[in-house]
Amino acid sequence: AAFSAMSLVSLAHADETPPDDRWYIAPFGTFIKSGGDRNAKDDWGGGLGVGKMLDEHFNVELRGFYQRFNGNTGSSWDMTGGTADVQYYLFRDTFSPYTVLGVGAMNTSHGGDSGTGFIGEAGVGFTYEVMDNFMVRSDVRYRYNNNFNAHLQPGTDEFHDMTVNVG
């Protein structure tokens, strides 16, 4: 009886312990599909995330990035920013799908002007475990950007982009 009681206690504590308590780094490349409001061509970028698994379903991550669009009028869009993300994993296995929400800020330079604004992101993705300590991850995100009257583009301070990240 003592053995089975100890087994139950061990199982109860196992559910409370995060599956992995290490921090991780996640470099990534990004393809950006510009919303038509920027009057720019789709382009590339990259960044780095640092995160931690909280439990069976949740990760938190801080991400920094640099992205660039070539404008249709010859002027480029240079964007540097960061987000704080929460990822919700449906389940954890070799293939693990997740949803993600992120909030942050982005500095945008365009046509000699620059402005810092709010960004919010929402998306879906997956990880695929290639081997111990190495995963491939990809997600697709919608990004809302408000530059708060920076007047980087005539007619709007709000921008809507899609990003595809692989790392």
# chains A, B, ... in the order shown; residues from 1 in each chain; ligands from 1
>>> residues_around(residues="A:Phe58", least_positions_apart="6", cutoff="10 Å", atoms="only C-alpha atoms", output="PDB file with C-alpha atoms, in the first residue's frame")
ATOM      1  CA  PRO A  18       7.110  21.703 -16.576  1.00  0.00           C
ATOM      2  CA  LYS A  52      10.801  29.223 -21.843  1.00  0.00           C
ATOM      3  CA  VAL A  86       2.502  33.643 -25.541  1.00  0.00           C
ATOM      4  CA  GLN A  87       2.296  30.340 -27.415  1.00  0.00           C
ATOM      5  CA  TYR A  88      -0.417  27.786 -26.676  1.00  0.00           C
ATOM      6  CA  TYR A  89       0.452  24.230 -27.752  1.00  0.00           C
ATOM      7  CA  LEU A  90      -2.498  21.950 -28.464  1.00  0.00           C
ATOM      8  CA  PHE A  91      -0.277  18.979 -27.511  1.00  0.00           C
ATOM      9  CA  TYR A  98       0.347  25.913 -31.568  1.00  0.00           C
ATOM     10  CA  THR A  99      -1.350  29.298 -31.626  1.00  0.00           C
ATOM     11  CA  VAL A 100       0.467  32.518 -30.765  1.00  0.00           C
TER      12      VAL A 100
END
>>> residues_around(residues="A:Arg22", least_positions_apart="5", cutoff="10 Å", atoms="only C-alpha atoms", output="list in words")
Gly51, Lys52, Met53 and Leu54 of chain A
>>> write_last_selection(atoms="all heavy atoms", output="PDB file, in the first residue's frame")
ATOM      1  N   GLY A  51      13.056  32.073 -25.153  1.00  0.00           N
ATOM      2  CA  GLY A  51      11.823  31.676 -24.500  1.00  0.00           C
ATOM      3  C   GLY A  51      11.984  30.587 -23.475  1.00  0.00           C
ATOM      4  O   GLY A  51      13.081  30.082 -23.225  1.00  0.00           O
ATOM      5  N   LYS A  52      10.839  30.245 -22.881  1.00  0.00           N
ATOM      6  CA  LYS A  52      10.801  29.223 -21.843  1.00  0.00           C
ATOM      7  C   LYS A  52       9.448  28.522 -21.890  1.00  0.00           C
ATOM      8  O   LYS A  52       8.413  29.152 -22.044  1.00  0.00           O
ATOM      9  CB  LYS A  52      11.007  29.862 -20.475  1.00  0.00           C
ATOM     10  CG  LYS A  52      11.090  28.861 -19.334  1.00  0.00           C
ATOM     11  CD  LYS A  52      11.665  29.539 -18.117  1.00  0.00           C
ATOM     12  CE  LYS A  52      11.783  28.625 -16.948  1.00  0.00           C
ATOM     13  NZ  LYS A  52      12.686  27.536 -17.083  1.00  0.00           N
ATOM     14  N   MET A  53       9.498  27.200 -21.732  1.00  0.00           N
ATOM     15  CA  MET A  53       8.288  26.401 -21.621  1.00  0.00           C
ATOM     16  C   MET A  53       7.765  26.555 -20.189  1.00  0.00           C
ATOM     17  O   MET A  53       8.522  26.379 -19.232  1.00  0.00           O
ATOM     18  CB  MET A  53       8.636  24.934 -21.905  1.00  0.00           C
ATOM     19  CG  MET A  53       7.446  24.011 -21.890  1.00  0.00           C
ATOM     20  SD  MET A  53       7.902  22.257 -22.086  1.00  0.00           S
ATOM     21  CE  MET A  53       8.709  22.260 -23.658  1.00  0.00           C
ATOM     22  N   LEU A  54       6.485  26.898 -20.043  1.00  0.00           N
ATOM     23  CA  LEU A  54       5.907  27.056 -18.712  1.00  0.00           C
ATOM     24  C   LEU A  54       5.259  25.777 -18.202  1.00  0.00           C
ATOM     25  O   LEU A  54       5.366  25.446 -17.030  1.00  0.00           O
ATOM     26  CB  LEU A  54       4.866  28.171 -18.709  1.00  0.00           C
ATOM     27  CG  LEU A  54       5.377  29.564 -19.038  1.00  0.00           C
ATOM     28  CD1 LEU A  54       4.234  30.563 -19.029  1.00  0.00           C
ATOM     29  CD2 LEU A  54       6.480  29.977 -18.073  1.00  0.00           C
TER      30      LEU A  54
END
>>> residues_around(residues="stretch 23-29 of chain A", least_positions_apart="2", cutoff="8 Å", atoms="only C-alpha atoms", output="ChimeraX atom specification")
/A:21,31,44-53,165-167
>>> closest_atom_pairs(of="stretch 76-97 of chain A", to="stretch 117-138 of chain A", cutoff="8 Å", atoms="only C-alpha atoms", output="CSV")
residue,atom,partner,partner_atom,distance
A:Thr83,CA,A:Ile119,CA,7.9
A:Asp93,CA,A:Glu129,CA,7.9
A:Thr94,CA,A:Glu129,CA,5.0
A:Phe95,CA,A:Tyr128,CA,4.6
A:Ser96,CA,A:Thr127,CA,5.2
A:Pro97,CA,A:Phe126,CA,4.1
>>> write_last_selection(atoms="N, CA and C atoms", output="PDB file, in the first residue's frame")
ATOM      1  N   THR A  83       8.588  41.769 -29.763  1.00  0.00           N
ATOM      2  CA  THR A  83       7.302  41.386 -29.186  1.00  0.00           C
ATOM      3  C   THR A  83       7.512  40.488 -27.974  1.00  0.00           C
ATOM      4  N   ASP A  93       4.447  16.774 -28.934  1.00  0.00           N
ATOM      5  CA  ASP A  93       4.901  15.505 -29.487  1.00  0.00           C
ATOM      6  C   ASP A  93       5.988  15.831 -30.508  1.00  0.00           C
ATOM      7  N   THR A  94       6.351  14.879 -31.346  1.00  0.00           N
ATOM      8  CA  THR A  94       7.331  15.160 -32.392  1.00  0.00           C
ATOM      9  C   THR A  94       6.835  16.310 -33.265  1.00  0.00           C
ATOM     10  N   PHE A  95       5.571  16.290 -33.651  1.00  0.00           N
ATOM     11  CA  PHE A  95       4.906  17.389 -34.359  1.00  0.00           C
ATOM     12  C   PHE A  95       3.954  18.037 -33.366  1.00  0.00           C
ATOM     13  N   SER A  96       4.125  19.342 -33.108  1.00  0.00           N
ATOM     14  CA  SER A  96       3.325  20.034 -32.087  1.00  0.00           C
ATOM     15  C   SER A  96       2.749  21.333 -32.646  1.00  0.00           C
ATOM     16  N   PRO A  97       1.443  21.382 -32.936  1.00  0.00           N
ATOM     17  CA  PRO A  97       0.823  22.615 -33.417  1.00  0.00           C
ATOM     18  C   PRO A  97       0.563  23.602 -32.269  1.00  0.00           C
TER      19      PRO A  97
END
>>> atom_distance(atom1="atom CA of A:Arg68", atom2="atom CA of A:Thr30")
10.2 Å
>>> select_by_dssp(residues="stretch 49-101 of chain A", states="strand (DSSP E)", output="number ranges by chain")
A: 49-53, 58-71, 76-89, 95-101
>>> write_last_selection(atoms="C-alpha atoms", output="PDB file, in the first residue's frame")
ATOM      1  CA  GLY A  49      13.604  34.695 -29.881  1.00  0.00           C
ATOM      2  CA  VAL A  50      14.439  33.701 -26.307  1.00  0.00           C
ATOM      3  CA  GLY A  51      11.823  31.676 -24.500  1.00  0.00           C
ATOM      4  CA  LYS A  52      10.801  29.223 -21.843  1.00  0.00           C
ATOM      5  CA  MET A  53       8.288  26.401 -21.621  1.00  0.00           C
ATOM      6  CA  PHE A  58       2.237  27.307 -22.698  1.00  0.00           C
ATOM      7  CA  ASN A  59       5.517  28.940 -23.744  1.00  0.00           C
ATOM      8  CA  VAL A  60       6.530  32.580 -23.283  1.00  0.00           C
ATOM      9  CA  GLU A  61       9.019  34.220 -25.604  1.00  0.00           C
ATOM     10  CA  LEU A  62      10.679  37.584 -26.214  1.00  0.00           C
ATOM     11  CA  ARG A  63      11.488  38.205 -29.888  1.00  0.00           C
ATOM     12  CA  GLY A  64      13.499  40.857 -31.668  1.00  0.00           C
ATOM     13  CA  PHE A  65      13.526  41.343 -35.448  1.00  0.00           C
ATOM     14  CA  TYR A  66      14.680  43.401 -38.410  1.00  0.00           C
ATOM     15  CA  GLN A  67      12.627  43.510 -41.613  1.00  0.00           C
ATOM     16  CA  ARG A  68      12.792  45.542 -44.799  1.00  0.00           C
ATOM     17  CA  PHE A  69      10.444  46.289 -47.669  1.00  0.00           C
ATOM     18  CA  ASN A  70      11.462  47.856 -50.948  1.00  0.00           C
ATOM     19  CA  GLY A  71       8.912  50.543 -51.676  1.00  0.00           C
ATOM     20  CA  SER A  76      12.524  51.452 -48.553  1.00  0.00           C
ATOM     21  CA  TRP A  77      10.759  50.585 -45.303  1.00  0.00           C
ATOM     22  CA  ASP A  78      13.178  49.553 -42.518  1.00  0.00           C
ATOM     23  CA  MET A  79      11.510  48.017 -39.471  1.00  0.00           C
ATOM     24  CA  THR A  80      13.153  47.038 -36.187  1.00  0.00           C
ATOM     25  CA  GLY A  81      11.088  45.813 -33.282  1.00  0.00           C
ATOM     26  CA  GLY A  82      10.220  43.261 -30.698  1.00  0.00           C
ATOM     27  CA  THR A  83       7.302  41.386 -29.186  1.00  0.00           C
ATOM     28  CA  ALA A  84       6.416  39.486 -26.048  1.00  0.00           C
ATOM     29  CA  ASP A  85       4.643  36.297 -27.176  1.00  0.00           C
ATOM     30  CA  VAL A  86       2.502  33.643 -25.541  1.00  0.00           C
ATOM     31  CA  GLN A  87       2.296  30.340 -27.415  1.00  0.00           C
ATOM     32  CA  TYR A  88      -0.417  27.786 -26.676  1.00  0.00           C
ATOM     33  CA  TYR A  89       0.452  24.230 -27.752  1.00  0.00           C
ATOM     34  CA  PHE A  95       4.906  17.389 -34.359  1.00  0.00           C
ATOM     35  CA  SER A  96       3.325  20.034 -32.087  1.00  0.00           C
ATOM     36  CA  PRO A  97       0.823  22.615 -33.417  1.00  0.00           C
ATOM     37  CA  TYR A  98       0.347  25.913 -31.568  1.00  0.00           C
ATOM     38  CA  THR A  99      -1.350  29.298 -31.626  1.00  0.00           C
ATOM     39  CA  VAL A 100       0.467  32.518 -30.765  1.00  0.00           C
ATOM     40  CA  LEU A 101      -0.414  36.028 -29.580  1.00  0.00           C
TER      41      LEU A 101
END
>>> select_by_dssp(residues="stretch 3-153 of chain A", states="alpha helix (DSSP H)", output="ChimeraX atom specification")
/A:3-16
>>> atom_distance(atom1="atom CA of A:Ala105", atom2="atom CA of A:Asp20")
29.3 Å
>>> residues_around(residues="A:Gly115", least_positions_apart="3", cutoff="7 Å", atoms="only C-alpha atoms", output="ChimeraX atom specification")
/A:107-109,147,150
>>> write_last_selection(atoms="C-alpha atoms", output="mmCIF file, in the first residue's frame")
data_model
loop_
_atom_site.group_PDB
_atom_site.id
_atom_site.type_symbol
_atom_site.label_atom_id
_atom_site.label_comp_id
_atom_site.auth_asym_id
_atom_site.auth_seq_id
_atom_site.Cartn_x
_atom_site.Cartn_y
_atom_site.Cartn_z
ATOM 1 C CA ASN A 107 10.403 51.464 -35.150
ATOM 2 C CA THR A 108 9.762 52.144 -38.831
ATOM 3 C CA SER A 109 11.929 54.323 -41.076
ATOM 4 C CA ASN A 147 2.445 54.349 -35.899
ATOM 5 C CA ALA A 150 4.075 59.462 -37.491
#
